[in-house]
Structure formats: structure tokens, C-alpha cells
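Structure data follow from upload.cif (mmCIF, C-alpha atoms):
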data_query
#
loop_
_atom_site.label_atom_id
_atom_site.label_comp_id
_atom_site.auth_asym_id
_atom_site.auth_seq_id
_atom_site.Cartn_x
_atom_site.Cartn_y
_atom_site.Cartn_z
CA MET A 197 71.69 -115.04 198.72
CA GLN A 198 71.07 -113.57 202.16
CA TYR A 199 67.90 -111.52 202.45
CA MET A 200 68.80 -107.90 203.17
CA ILE A 201 66.53 -105.82 205.42
CA LEU A 202 66.23 -102.05 205.38
CA PRO A 203 67.47 -100.33 208.55
CA ASP A 204 64.83 -99.16 211.03
CA PRO A 205 64.81 -95.33 210.89
CA ARG A 206 62.84 -94.83 214.11
CA LYS A 207 64.64 -93.48 217.17
CA TRP A 208 63.05 -95.24 220.12
CA ALA A 209 65.45 -93.84 222.71
CA ASN A 210 64.24 -90.31 221.91
CA LYS A 211 60.75 -91.22 223.06
CA HIS A 212 61.73 -91.33 226.75
CA SER A 213 61.11 -88.20 228.75
CA ASN A 214 61.22 -87.00 232.33
CA LEU A 215 57.59 -86.00 231.79
CA VAL A 216 56.41 -89.57 231.20
CA ALA A 217 53.53 -90.33 233.57
CA MET A 218 53.96 -92.87 236.36
CA SER A 219 51.31 -95.07 234.75
CA GLU A 220 53.46 -95.30 231.62
CA ILE A 221 56.61 -96.13 233.62
CA SER A 222 54.74 -98.94 235.39
CA LEU A 223 53.32 -100.13 232.09
CA TRP A 224 56.65 -100.40 230.29
CA LYS A 225 58.19 -102.20 233.26
CA LEU A 226 55.43 -104.81 233.05
CA VAL A 227 55.86 -105.11 229.27
CA GLU A 228 59.62 -105.57 229.67
CA ASN A 229 58.98 -108.30 232.26
CA TYR A 230 56.50 -109.92 229.86
CA ILE A 231 59.12 -109.98 227.09
CA ALA A 232 61.81 -111.38 229.41
CA ALA A 233 59.57 -114.04 231.01
CA PRO A 234 60.98 -117.50 230.19
CA THR A 235 57.66 -119.39 230.19
CA GLN A 236 54.20 -118.82 228.77
CA ALA A 237 52.70 -119.07 232.25
CA GLU A 238 54.85 -116.19 233.46
CA LYS A 239 54.00 -114.16 230.36
CA GLU A 240 50.30 -114.65 231.08
CA LEU A 241 50.88 -113.45 234.64
CA TYR A 242 52.39 -110.17 233.43
CA ALA A 243 49.71 -109.85 230.75
CA GLU A 244 47.08 -110.02 233.50
CA LYS A 245 48.93 -107.34 235.46
CA VAL A 246 48.88 -105.07 232.37
CA SER A 247 45.16 -105.75 232.01
CA THR A 248 44.63 -104.84 235.66
CA LEU A 249 46.53 -101.57 235.16
CA PHE A 250 44.26 -100.69 232.21
CA SER A 251 41.16 -101.62 234.21
CA ASP A 252 42.28 -99.44 237.15
CA LEU A 253 42.74 -96.45 234.84
CA TYR A 254 39.39 -97.24 233.26
CA ALA A 255 37.65 -97.37 236.65
CA GLN A 256 39.25 -94.05 237.63
CA LYS A 257 38.11 -92.52 234.31
CA ALA A 258 41.76 -91.79 233.62
CA MET A 259 42.28 -94.11 230.65
CA LEU A 260 45.06 -92.66 228.49
CA ASN A 261 44.84 -93.01 224.73
CA PRO A 262 46.99 -95.69 223.04
CA ASP A 263 49.04 -93.10 221.17
CA THR A 264 50.25 -91.65 224.48
CA PHE A 265 51.59 -95.05 225.50
CA LEU A 266 52.98 -96.01 222.09
CA ASN A 267 54.82 -92.71 221.67
CA SER A 268 56.87 -93.57 224.75
CA ALA A 269 57.63 -97.16 223.68
CA PRO A 270 61.28 -98.12 224.33
CA SER A 271 61.39 -100.52 221.36
CA ASN A 272 59.45 -101.90 218.44
CA GLU A 273 58.96 -105.21 220.27
CA SER A 274 57.51 -103.38 223.28
CA ALA A 275 55.09 -101.48 221.04
CA ARG A 276 53.96 -104.72 219.37
CA ILE A 277 53.36 -106.42 222.72
CA LEU A 278 51.48 -103.42 224.09
CA VAL A 279 49.14 -103.26 221.09
CA ARG A 280 48.39 -106.98 221.45
CA LEU A 281 47.62 -106.60 225.18
CA LEU A 282 45.46 -103.52 224.58
CA GLN A 283 43.44 -105.43 221.99
CA GLN A 284 42.94 -108.33 224.41
CA TRP A 285 41.79 -105.94 227.14
CA GLU A 286 39.41 -104.08 224.83
CA VAL A 287 37.45 -107.23 223.93
CA LYS A 288 37.70 -108.97 227.29
CA PRO A 289 34.26 -110.54 227.96
CA PRO A 290 32.17 -109.48 230.96
CA HIS A 291 32.03 -111.55 234.09
CA GLU A 292 29.90 -114.69 234.17
CA ASN A 293 26.13 -114.04 234.33
CA SER A 294 26.52 -110.39 233.31
CA VAL A 295 26.09 -108.44 230.08
CA GLY A 296 28.37 -105.77 228.72
CA LEU A 297 28.70 -103.45 225.73
CA ARG A 298 31.48 -103.81 223.18
CA PHE A 299 32.12 -101.41 220.32
CA PHE A 300 33.41 -102.60 216.97
CA ALA A 301 34.17 -101.15 213.55
CA LEU A 302 34.35 -102.38 209.97
CA PRO A 303 37.27 -100.76 208.10
CA VAL A 304 36.21 -99.67 204.61
CA ILE A 305 38.78 -98.76 201.94
CA VAL A 306 37.11 -96.46 199.40
CA VAL A 307 38.78 -96.12 196.00
CA ALA A 308 37.09 -93.16 194.34
CA GLY A 309 37.43 -91.14 191.14
CA ALA A 310 35.33 -88.44 189.49
CA GLU A 311 35.04 -86.30 186.39
CA ARG A 312 35.17 -83.17 188.53
CA VAL A 313 36.16 -82.07 192.01
CA LEU A 314 33.37 -83.00 194.39
CA SER A 315 32.44 -84.27 197.83
CA LEU A 316 30.56 -87.51 198.49
CA ARG A 317 28.39 -87.70 201.58
CA ALA A 318 29.76 -90.52 203.76
CA VAL A 319 26.35 -91.69 204.95
CA LEU A 320 24.59 -95.01 204.34
CA ARG A 321 21.37 -94.16 202.54
CA GLU A 322 20.01 -97.65 203.26
CA ARG A 323 21.60 -98.84 206.48
CA ASP A 324 19.05 -101.66 206.77
CA LYS A 325 20.47 -103.33 203.64
CA VAL A 326 23.95 -103.32 205.16
CA GLU A 327 22.63 -104.80 208.41
CA GLU A 328 20.66 -107.39 206.44
CA ILE A 329 23.84 -108.70 204.80
CA LEU A 330 25.71 -108.77 208.11
CA ARG A 331 22.88 -110.63 209.86
CA GLU A 332 22.17 -113.07 207.05
CA LYS A 333 25.83 -114.07 206.82
CA GLN A 334 26.33 -114.04 210.62
CA VAL A 335 29.28 -111.68 210.26
CA LEU A 336 29.07 -110.96 214.00
CA GLY A 337 29.06 -114.60 215.01
CA ASN A 338 26.44 -115.51 217.62
CA ALA A 339 25.84 -111.90 218.75
CA GLU A 340 22.13 -111.09 218.59
CA GLN A 341 21.70 -107.57 219.94
CA TRP A 342 23.80 -105.21 217.88
CA GLY A 343 23.51 -102.22 215.61
CA ILE A 344 25.61 -99.97 213.39
CA SER A 345 25.83 -96.27 212.67
CA ASN A 346 24.67 -94.94 209.32
CA ALA A 347 27.78 -92.70 209.12
CA LEU A 348 31.19 -93.63 207.73
CA CYS A 349 33.67 -91.92 210.02
CA SER A 350 37.39 -91.21 209.98
CA ALA A 351 40.06 -93.00 212.00
CA ASP A 352 40.33 -89.97 214.29
CA THR A 353 36.74 -90.53 215.41
CA ILE A 354 37.59 -93.85 217.05
CA SER A 355 41.33 -93.61 217.82
CA GLY A 356 43.60 -91.59 220.11
CA GLU A 357 41.73 -89.51 222.68
CA ALA A 358 38.45 -90.53 221.05
CA TRP A 359 39.24 -94.21 221.74
CA SER A 360 39.47 -93.42 225.44
CA ALA A 361 36.02 -91.84 225.31
CA TRP A 362 34.57 -94.90 223.56
CA MET A 363 36.05 -97.14 226.23
CA MET A 364 34.37 -95.04 228.94
CA LEU A 365 31.05 -95.31 227.08
CA GLN A 366 31.24 -99.10 227.32
CA GLN A 367 30.34 -98.72 230.99
CA SER A 368 26.86 -97.39 230.13
CA ASN A 369 25.15 -100.02 228.01
CA PHE A 370 22.13 -98.26 226.51
CA GLU A 371 23.71 -94.82 226.50
CA GLY A 372 26.57 -96.38 224.60
CA LEU A 373 24.20 -97.83 222.02
CA ALA A 374 22.57 -94.43 221.59
CA SER A 375 25.98 -92.90 220.87
CA LEU A 376 25.98 -94.62 217.46
CA GLN A 377 23.48 -92.00 216.29
CA LYS A 378 26.03 -89.27 217.01
CA VAL A 379 28.92 -90.64 214.96
CA PRO A 380 30.02 -87.82 212.59
CA PRO A 381 30.42 -88.76 208.92
CA GLN A 382 33.72 -87.90 207.24
CA ASP A 383 32.83 -86.97 203.67
CA ILE A 384 34.90 -88.27 200.76
CA ASN A 385 36.48 -85.24 199.12
CA ILE A 386 37.70 -86.05 195.61
CA SER A 387 40.24 -83.32 194.89
CA ILE A 388 41.92 -84.62 191.71
CA VAL A 389 39.95 -84.95 188.47
CA ASN A 390 39.95 -88.30 186.63
CA GLN A 391 42.39 -89.92 189.04
CA GLU A 392 41.54 -92.51 191.65
CA GLN A 393 42.20 -91.67 195.29
CA VAL A 394 42.17 -93.96 198.32
CA PHE A 395 40.20 -93.11 201.47
CA LEU A 396 39.82 -94.90 204.81
CA ARG A 397 36.47 -94.90 206.57
CA PHE A 398 34.82 -96.96 209.32
CA ILE A 399 31.33 -98.24 210.02
CA VAL A 400 31.04 -98.20 213.81
CA GLY A 401 28.79 -100.61 215.68
CA ALA A 402 27.99 -101.82 219.17
CA THR A 403 26.88 -105.18 220.51
CA LEU A 404 25.66 -106.46 223.85
CA VAL A 405 27.72 -109.46 224.89
CA SER A 406 27.96 -112.05 227.63
CA ALA A 407 30.79 -114.41 228.45
CA LYS A 408 29.31 -116.79 225.84
CA THR A 409 29.13 -114.28 222.99
CA HIS A 410 31.63 -114.80 220.16
CA TRP A 411 31.07 -111.75 217.99
CA GLN A 412 34.62 -111.85 216.60
CA GLU A 413 34.17 -115.35 215.19
CA GLY A 414 31.77 -114.61 212.35
CA THR A 415 31.82 -116.12 208.88
CA LYS A 416 34.79 -115.63 206.56
CA ILE A 417 34.79 -112.50 204.43
CA GLU A 418 34.72 -114.62 201.27
CA SER A 419 31.05 -115.42 201.98
CA TRP A 420 29.88 -111.81 202.30
CA GLY A 421 32.62 -109.44 201.14
CA MET A 422 31.47 -109.09 197.52
CA ALA A 423 27.83 -108.53 198.46
CA LEU A 424 28.74 -105.83 200.96
CA THR A 425 31.19 -104.23 198.51
CA GLU A 426 28.41 -103.88 195.94
CA CYS A 427 25.95 -102.59 198.55
CA LEU A 428 28.34 -99.94 199.92
CA SER A 429 29.61 -98.87 196.50
CA GLN A 430 26.06 -98.28 195.26
CA GLN A 431 25.08 -96.27 198.33
CA LEU A 432 28.15 -94.02 198.25
CA GLY A 433 28.26 -93.41 194.49
CA MET A 434 26.68 -90.73 192.37
CA PRO A 435 26.63 -89.92 188.61
CA GLY A 436 30.05 -89.03 187.24
CA THR A 437 31.95 -91.03 189.86
CA THR A 438 33.55 -94.46 190.13
CA ILE A 439 33.41 -95.94 193.61
CA LEU A 440 34.78 -99.19 194.96
CA ALA A 441 34.17 -99.66 198.70
CA LEU A 442 36.14 -102.58 200.13
CA PRO A 443 35.00 -103.63 203.63
CA ARG A 444 36.86 -105.79 206.10
CA ALA A 445 35.54 -107.91 208.97
CA PRO A 446 34.36 -106.18 212.17
CA LYS A 447 37.10 -105.75 214.74
CA SER A 448 37.57 -104.01 218.07
CA LEU A 449 38.10 -100.27 217.55
CA LEU A 450 41.84 -100.44 218.13
CA LEU A 451 42.37 -103.38 215.80
CA ALA A 452 40.06 -101.91 213.15
CA VAL A 453 42.10 -98.69 213.02
CA GLN A 454 45.34 -100.66 212.80
CA GLU A 455 44.12 -102.88 210.00
CA GLY A 456 42.47 -100.01 208.17
CA ARG A 457 45.57 -97.82 208.15
CA ARG A 458 47.73 -100.66 206.86
CA LEU A 459 45.20 -101.48 204.14
CA GLN A 460 45.00 -97.85 203.09
CA ARG A 461 48.81 -97.72 202.90
CA GLU A 462 48.98 -100.88 200.80
CA VAL A 463 46.15 -99.98 198.40
CA SER A 464 47.52 -96.44 197.99
CA LEU A 465 50.98 -97.83 197.21
CA GLN A 466 49.54 -100.35 194.78
CA LEU A 467 47.69 -97.59 192.93
CA PHE A 468 50.78 -95.33 192.88
CA MET A 469 53.10 -98.07 191.64
CA SER A 470 50.70 -99.18 188.93
CA ASN A 471 50.39 -95.65 187.54
CA ALA A 472 54.07 -94.69 187.92
CA ILE A 473 55.41 -97.91 186.38
CA ARG A 474 52.95 -97.73 183.49
CA GLU A 475 53.98 -94.12 182.76
CA CYS A 476 57.68 -94.97 182.99
CA ARG A 477 57.40 -97.94 180.64
CA THR A 478 55.35 -95.96 178.13
CA LYS A 479 57.78 -93.03 177.99
CA PHE A 480 61.23 -94.37 178.87
CA GLY A 481 61.31 -98.16 179.22
CA GLU A 482 61.82 -100.41 182.22
CA PRO A 483 61.90 -98.60 185.59
CA THR A 484 64.21 -98.92 188.56
CA ILE A 485 62.71 -98.98 192.05
CA VAL A 486 64.72 -97.83 195.06
CA LEU A 487 63.72 -98.46 198.69
CA SER A 488 65.13 -96.20 201.39
CA SER A 489 64.64 -95.57 205.13
CA HIS A 490 63.96 -92.06 206.42
CA HIS A 491 63.90 -90.61 209.91
CA MET A 492 61.05 -88.21 210.61
CA ASP A 493 60.72 -86.00 213.67
CA PRO A 494 59.83 -86.65 216.43
CA GLY A 495 61.28 -90.15 216.50
CA GLU A 496 59.11 -91.46 213.66
CA GLY A 497 60.14 -93.08 210.40
CA GLU A 498 59.03 -94.16 206.96
CA ILE A 499 60.07 -96.35 204.04
CA ARG A 500 60.23 -94.45 200.78
CA VAL A 501 59.67 -95.93 197.30
CA SER A 502 61.38 -94.11 194.40
CA ILE A 503 60.47 -95.04 190.80
CA SER A 504 62.46 -93.71 187.84
CA SER A 505 64.35 -94.53 184.66
CA GLU A 506 67.98 -93.77 183.85
CA PHE A 507 66.77 -92.58 180.44
CA SER A 508 64.56 -89.88 181.93
CA THR A 509 65.78 -86.42 182.86
CA LYS A 510 62.88 -86.09 185.29
CA ASP A 511 63.23 -86.66 189.00
CA ALA A 512 62.01 -89.93 190.49
CA GLN A 513 58.39 -90.32 191.50
CA GLY A 514 58.01 -91.25 195.15
CA PHE A 515 55.67 -92.79 197.68
CA ARG A 516 56.02 -92.47 201.47
CA CYS A 517 55.13 -95.52 203.58
CA PRO A 518 54.78 -94.41 207.21
CA LEU A 519 55.97 -96.87 209.84
CA PHE A 520 53.46 -97.30 212.64
CA PRO A 521 54.93 -97.98 216.13
CA ASP A 522 54.14 -101.71 216.04
CA ASP A 523 55.23 -102.21 212.41
CA ARG A 524 58.22 -104.41 211.74
CA VAL A 525 60.38 -102.94 208.97
CA VAL A 526 60.79 -106.38 207.39
CA ASP A 527 57.01 -106.81 207.08
CA VAL A 528 56.58 -103.45 205.34
CA GLN A 529 59.56 -104.18 203.07
CA ARG A 530 58.15 -107.57 202.08
CA MET A 531 54.76 -106.00 201.33
CA ILE A 532 56.47 -103.53 198.98
CA GLU A 533 58.61 -106.25 197.37
CA THR A 534 55.51 -108.36 196.73
CA LEU A 535 53.94 -105.46 194.85
CA VAL A 536 57.19 -104.95 192.91
CA GLN A 537 57.10 -108.61 191.84
CA GLU A 538 53.44 -108.36 190.85
CA CYS A 539 54.32 -105.36 188.66
CA GLN A 540 57.11 -107.47 187.09
CA VAL A 541 59.91 -105.00 187.85
CA SER A 542 63.28 -106.74 188.07
CA ASP A 543 65.54 -103.80 188.99
CA LEU A 544 65.03 -103.25 192.73
CA ARG A 545 67.67 -101.48 194.81
CA ILE A 546 67.85 -101.18 198.59
CA LEU A 547 69.83 -98.49 200.40
CA GLN A 548 71.76 -99.29 203.56
CA LYS A 549 71.75 -95.85 205.23
CA VAL A 550 69.04 -94.01 207.15
CA TYR A 551 68.27 -90.66 205.52
CA THR A 552 66.55 -87.53 206.70
CA ASP A 553 63.25 -86.35 205.22
CA LYS A 554 64.85 -83.59 203.14
CA GLU A 555 68.10 -83.36 201.21
CA PRO A 556 70.41 -81.11 203.29
CA GLU A 557 71.70 -79.20 200.25
CA THR A 558 68.45 -78.53 198.39
CA GLY A 559 65.79 -78.87 201.08
CA LEU A 560 63.82 -81.11 198.70
CA THR A 561 62.22 -84.41 199.69
CA TRP A 562 64.73 -87.27 199.37
CA LEU A 563 64.03 -89.46 196.33
CA PHE A 564 66.59 -91.58 194.50
CA LYS A 565 67.49 -92.20 190.86
CA PRO A 566 69.77 -95.20 190.23
CA GLU A 567 72.58 -93.29 188.52
CA ALA A 568 72.87 -90.91 191.48
CA ILE A 569 73.33 -93.58 194.17
CA PRO A 570 76.93 -94.15 195.40
CA ASP A 571 77.90 -97.82 195.32
CA ASP A 572 78.80 -97.83 199.01
CA GLU A 573 75.21 -96.89 199.91
CA LEU A 574 73.64 -99.85 198.15
CA LEU A 575 72.68 -102.78 200.37
CA PHE A 576 71.37 -104.99 197.61
CA VAL A 577 70.92 -104.75 193.84
#

Would you encode the structure as C-alpha cells?
Amino acid sequence: MQYMILPDPRKWANKHSNLVAMSEISLWKLVENYIAAPTQAEKELYAEKVSTLFSDLYAQKAMLNPDTFLNSAPSNESARILVRLLQQWEVKPPHENSVGLRFFALPVIVVAGAERVLSLRAVLRERDKVEEILREKQVLGNAEQWGISNALCSADTISGEAWSAWMMLQQSNFEGLASLQKVPPQDINISIVNQEQVFLRFIVGATLVSAKTHWQEGTKIESWGMALTECLSQQLGMPGTTILALPRAPKSLLLAVQEGRRLQREVSLQLFMSNAIRECRTKFGEPTIVLSSHHMDPGEGEIRVSISSEFSTKDAQGFRCPLFPDDRVVDVQRMIETLVQECQVSDLRILQKVYTDKEPETGLTWLFKPEAIPDDELLFV
């Protein structure tokens, strides 16, 4: 049977504007040439031109944030290429015989629950123990001079406009290192009693590098992940709470935010599906899961997961999976389908249309029960 893919709900054409800056117009022309280039050598030529454009903006202290560029992307493929080239530029080593500063971040997924509503301070009480694990296991490869902040910050602290500021700080080596002491912690606010919630935080660090430094080639997470999970979970927890802090390997700031947001989406969905399917089976029997595409203004989109039973009079329970600009719909769909298989649900339905966020008649968020779906809207059952 042919594999059926959900439609992409994003409207790329709507992201063009007469107000797009000249730097963005030049950028997308280079990206389009990169995509169209017939050989790898030509692709590398255009990639270098994109890198030069970024470096010129950087030198002029006019570096725009990645979101500004991505929000004007003409296609998903263009967005994916741009993110890859931005990542390459961000970690580009300094010239031979010179030393430069590079910022990095460890994404940390925190799964937290509590017996009461409370706020956990997102600060490492014993930062030295975290650094000891990272150094002992050579998590930062052959980098020798590096340090981390004792605060766990939000994605907003290192992405968007803030990312541009971090890139400018890389020009001032020691001042940049000192900036780690100013990273603001984003506390973990548990707002629902006796129910686990998923939070995304980052441990920000900086390292001095030369052309021979390979800080991104540290040991595999299997050799240090469990030890760091236990260390972080102990430091963040308090009586009456359950905390599981799941770290990932250090990445450039841009890549760390990307990976962290996708991990938070996946872990949140896994938690939702586990609870919703368990409740459905306990009360009504085997559930049906429906996947649908939804257009969100301005030009954004999401994949929605509806879980229900035909024997229940209740509405479906739903989860919203946002589509990031460089996401491929098929990758997000396969992630969801893998979780469906792991939960041993056999009734999965995929809708062929793109829907709005709200039902036009009721104004309620679109969710789908199997008995209410017209046959001509089903793509695959």
C-alpha cells in the first residue's frame, strides 16, 4: 500500500512582502541558486557566498535574527537549507593561528510533577558537579578552556533577537565568557497538581577554540547521559516533586534550540498520548486516532492529533504539533505514527484536507471523532 502523507498546511507564498529587506532578497536568491546548482562544487560556492553575507552583516553589527529570515522563506526546502548554512556559519572555526569564542548550549527536557502548585528555581546548586561530568567524559571533545552558566534558561534567551546578540558577543572573547554569569534562569512553574508537565531549558556555555578544536565531537551521550540526568534531577528537585531532567549533547545555540524544541514536542506528545489512550481504554475501549493538518495565521501550520472512542459521547482529546519552518511534514507524521505503534493503537485515520484552526460554525478548536468524518475527507484508514 502506498504511504500517504498529510498535506502541508503552511502558506509559504504569503511570507513574501514588499517590506522584505534587501539582505533577505539577496539571501534567498543565493539559497535558490544553491538548490538549483547541479554539482556539489557549485553548491559549496553558493554556500560560501551565503556565509560571506552573514559575515558582512556580522561585521556591520547588523546581523538579523534567524526568525526574520525564516519567516520570509519561499519554501520548506529553502528554510531547511538556510538553517543548515546558518549552523555551519555559527560554528565556523577561526582563522589559522588565532583563537575565537564559540557559544554552545545543552538542551534539557525537564519532566516535572508535584503534589501542589509550585515553582522550582532553575539554577544549578552545584555547577561544579555538572562540569566534572562533562570534563571527565570529554563531552566537549578536545576543548580545554570552557565554562557553563549555573542558570537553566529558556529558548527565548538564546534564539531570535537574542541569538543575534550572542553572535555579536563572540567578537569579544573574555567579555563573552563573562556574559555567562548574566544568563537569566527561567523557573519551572508547575501549574497542574499531580500531573507531569514537560519543560524545555538550556545550559549555556562558552569555549575558546582554534582551528584545531573539535568541541562538537565529544563522546556519545550513552557514556554520560545517565550520570548527568541523575545529577541535574537531584539539583532541580525538592520534596513533594518528581523531576526527570533529560540532557542532550552540547550544540551551537541555533542547533540546540532546534533540537530542544523538537524534543519537547515529542516528549509532550508521548506523555499526552499515553494518558489519553490509557483513559480511553479504561472507560470506553480501544481508541481511534485521527491526524489532520491545520493552517495557522500568519502562514504557519500544525499537525493535530485527535484521540477518541466511538462509544464515548465526549469530544476528542487533542494535541497540537507545531510545524517549524524547516520541518518536513512527513518527518513529523512518521514521529507521530511511531508513537501510535508503540501505544499499540491500530485504528489510525489521516485526513486529506487542510483545515483552519477553529471550526467555522462553532468557533471551537478543530478536533475529529471518527464517526463525524465524511468518507471523502479520509486519505487513509

Nearby residues, (51.8, -93.7, 203.3) file frame, 12 Å, only C-alpha atoms, as a ChimeraX atom specification: /A:394-395,457-468,497-501,514-520,528,532

For atom CA of A:Ala374 and atom CA of A:Val319, the interatomic separation in Å (one decimal):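 Value for the atom CA of A:Ala374-atom CA of A:Val319 distance: 17.3 Å.
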
The PyMOL selection byres ((chain A and resi 308-310) around 8) resolved against shown file, as a ChimeraX atom specification: /A:306-307,311-314,386,388-395,436-440

Atom pair atom CA of A:Asn272 / atom CA of A:Gln256: separation (Å):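 Calculated distance between atom CA of A:Asn272 and atom CA of A:Gln256 is 28.9 Å.
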
Given all atoms listed in the file as the counted atoms, nearest of A:Pro483, A:Pro290, A:Pro494, A:Gly456 to A:Arg545: A:Pro483

From A:Ser315, A:Ser268, A:Thr561, A:Ser542, residue lying nearest A:Ser502 [only C-alpha atoms]: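 Nearest candidate to A:Ser502 out of A:Ser315, A:Ser268, A:Thr561, A:Ser542: A:Thr561.
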
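Between A:Ser274 and the candidates A:Pro521, A:Pro234, A:Gly414, A:Pro380, the tightest atom-to-atom separation, counting only C-alpha atoms, involves A:Pro521.
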
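Closest approach to A:Val453 among A:His491, A:Lys378, A:Arg397, A:Arg477 is made by A:Arg397 (distances from all atoms listed in the file).
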
Answer key for the PyMOL selection byres ((chain A and resi 550) around 12), residues as number ranges by chain: A: 202-207, 487-492, 497-500, 546-549, 551-554, 562, 573-575

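Using only C-alpha atoms for every distance, the candidate list A:Glu292, A:Glu244, A:Glu426, A:Glu273 yields A:Glu426 as the residue closest to A:Ile329.
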
Leaving out A:Leu281 and any residue of its chain fewer than 3 positions from it, which residues lie within 8 Å of it when counting only C-alpha atoms, given as a PDB file with C-alpha atoms, in the frame of the given file?
ATOM      1  CA  ALA A 243      49.710-109.850 230.750  1.00  0.00           C
ATOM      2  CA  VAL A 246      48.880-105.070 232.370  1.00  0.00           C
ATOM      3  CA  SER A 247      45.160-105.750 232.010  1.00  0.00           C
ATOM      4  CA  ILE A 277      53.360-106.420 222.720  1.00  0.00           C
ATOM      5  CA  LEU A 278      51.480-103.420 224.090  1.00  0.00           C
ATOM      6  CA  GLN A 284      42.940-108.330 224.410  1.00  0.00           C
ATOM      7  CA  TRP A 285      41.790-105.940 227.140  1.00  0.00           C
TER       8      TRP A 285
END

Residue contacts of A:Ala361 (12 Å, only C-alpha atoms) excluding same-chain residues fewer than 5 positions away, as a list of chain:residue names: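 Once the nearby chain positions are removed, what remains is A:Tyr254, A:Lys257, A:Ala258, A:Met259, A:Leu260, A:Asn261, A:Pro262, A:Phe299, A:Asp352, A:Thr353, A:Ile354, A:Ser355, A:Gly356, A:Gln366, A:Gln367, A:Ser368, A:Gly372, A:Ser375, A:Leu449.
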
Distance of atom CA of A:Pro446 from atom CA of A:Trp411, expressed in Å to one decimal place: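 Between atom CA of A:Trp411 and atom CA of A:Pro446 the gap works out to 8.7 Å.
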
Residue with smallest distance to A:Asp511 - pool A:Met469, A:Pro566, A:Val525, A:Arg276, counting only C-alpha atoms: A:Pro566

Nearby residues, (58.1, -105.6, 192.3) file frame, 12 Å, only C-alpha atoms, as number ranges by chain: A: 465-466, 469-470, 473, 482-487, 501, 503, 529-545

Do you know which residues the PyMOL selection byres ((chain A and resi 343) around 9) returns on this file, as a PDB file with C-alpha atoms, in the frame of the given file?
ATOM      1  CA  GLU A 327      22.630-104.800 208.410  1.00  0.00           C
ATOM      2  CA  GLN A 341      21.700-107.570 219.940  1.00  0.00           C
ATOM      3  CA  TRP A 342      23.800-105.210 217.880  1.00  0.00           C
ATOM      4  CA  ILE A 344      25.610 -99.970 213.390  1.00  0.00           C
ATOM      5  CA  SER A 345      25.830 -96.270 212.670  1.00  0.00           C
ATOM      6  CA  LEU A 373      24.200 -97.830 222.020  1.00  0.00           C
ATOM      7  CA  LEU A 376      25.980 -94.620 217.460  1.00  0.00           C
ATOM      8  CA  VAL A 400      31.040 -98.200 213.810  1.00  0.00           C
ATOM      9  CA  GLY A 401      28.790-100.610 215.680  1.00  0.00           C
ATOM     10  CA  ALA A 402      27.990-101.820 219.170  1.00  0.00           C
ATOM     11  CA  THR A 403      26.880-105.180 220.510  1.00  0.00           C
TER      12      THR A 403
END

Mind filling out stretch 393-410 of chain A with N, CA and C atoms and sending it as a PDB file, keeping the file's coordinate frame?
ATOM      1  N   GLN A 393      41.588 -91.942 193.993  1.00  0.00           N
ATOM      2  CA  GLN A 393      42.200 -91.670 195.290  1.00  0.00           C
ATOM      3  C   GLN A 393      41.699 -92.710 196.288  1.00  0.00           C
ATOM      4  N   VAL A 394      42.480 -92.921 197.335  1.00  0.00           N
ATOM      5  CA  VAL A 394      42.170 -93.960 198.320  1.00  0.00           C
ATOM      6  C   VAL A 394      41.830 -93.300 199.656  1.00  0.00           C
ATOM      7  N   PHE A 395      40.675 -93.667 200.208  1.00  0.00           N
ATOM      8  CA  PHE A 395      40.200 -93.110 201.470  1.00  0.00           C
ATOM      9  C   PHE A 395      39.938 -94.240 202.461  1.00  0.00           C
ATOM     10  N   LEU A 396      40.105 -93.933 203.740  1.00  0.00           N
ATOM     11  CA  LEU A 396      39.820 -94.900 204.810  1.00  0.00           C
ATOM     12  C   LEU A 396      38.653 -94.400 205.636  1.00  0.00           C
ATOM     13  N   ARG A 397      37.632 -95.229 205.758  1.00  0.00           N
ATOM     14  CA  ARG A 397      36.470 -94.900 206.570  1.00  0.00           C
ATOM     15  C   ARG A 397      36.087 -96.126 207.416  1.00  0.00           C
ATOM     16  N   PHE A 398      35.229 -95.890 208.414  1.00  0.00           N
ATOM     17  CA  PHE A 398      34.820 -96.960 209.320  1.00  0.00           C
ATOM     18  C   PHE A 398      33.321 -96.917 209.545  1.00  0.00           C
ATOM     19  N   ILE A 399      32.712 -98.095 209.567  1.00  0.00           N
ATOM     20  CA  ILE A 399      31.330 -98.240 210.020  1.00  0.00           C
ATOM     21  C   ILE A 399      31.402 -98.717 211.461  1.00  0.00           C
ATOM     22  N   VAL A 400      30.940 -97.890 212.386  1.00  0.00           N
ATOM     23  CA  VAL A 400      31.040 -98.200 213.810  1.00  0.00           C
ATOM     24  C   VAL A 400      29.770 -98.901 214.278  1.00  0.00           C
ATOM     25  N   GLY A 401      29.934 -99.891 215.136  1.00  0.00           N
ATOM     26  CA  GLY A 401      28.790-100.610 215.680  1.00  0.00           C
ATOM     27  C   GLY A 401      28.987-100.916 217.150  1.00  0.00           C
ATOM     28  N   ALA A 402      27.938-101.425 217.759  1.00  0.00           N
ATOM     29  CA  ALA A 402      27.990-101.820 219.170  1.00  0.00           C
ATOM     30  C   ALA A 402      27.171-103.082 219.343  1.00  0.00           C
ATOM     31  N   THR A 403      27.610-103.951 220.235  1.00  0.00           N
ATOM     32  CA  THR A 403      26.880-105.180 220.510  1.00  0.00           C
ATOM     33  C   THR A 403      26.868-105.465 222.001  1.00  0.00           C
ATOM     34  N   LEU A 404      25.750-105.994 222.470  1.00  0.00           N
ATOM     35  CA  LEU A 404      25.660-106.460 223.850  1.00  0.00           C
ATOM     36  C   LEU A 404      26.182-107.889 223.908  1.00  0.00           C
ATOM     37  N   VAL A 405      27.084-108.152 224.841  1.00  0.00           N
ATOM     38  CA  VAL A 405      27.720-109.460 224.890  1.00  0.00           C
ATOM     39  C   VAL A 405      27.682-110.022 226.304  1.00  0.00           C
ATOM     40  N   SER A 406      27.766-111.335 226.369  1.00  0.00           N
ATOM     41  CA  SER A 406      27.960-112.050 227.630  1.00  0.00           C
ATOM     42  C   SER A 406      29.255-112.832 227.493  1.00  0.00           C
ATOM     43  N   ALA A 407      29.570-113.602 228.510  1.00  0.00           N
ATOM     44  CA  ALA A 407      30.790-114.410 228.450  1.00  0.00           C
ATOM     45  C   ALA A 407      30.722-115.472 227.355  1.00  0.00           C
ATOM     46  N   LYS A 408      29.496-115.756 226.863  1.00  0.00           N
ATOM     47  CA  LYS A 408      29.310-116.790 225.840  1.00  0.00           C
ATOM     48  C   LYS A 408      29.136-116.219 224.434  1.00  0.00           C
ATOM     49  N   THR A 409      29.292-114.908 224.292  1.00  0.00           N
ATOM     50  CA  THR A 409      29.130-114.280 222.990  1.00  0.00           C
ATOM     51  C   THR A 409      30.459-114.272 222.236  1.00  0.00           C
ATOM     52  N   HIS A 410      30.413-114.727 220.980  1.00  0.00           N
ATOM     53  CA  HIS A 410      31.630-114.800 220.160  1.00  0.00           C
ATOM     54  C   HIS A 410      31.425-113.946 218.905  1.00  0.00           C
TER      55      HIS A 410
END
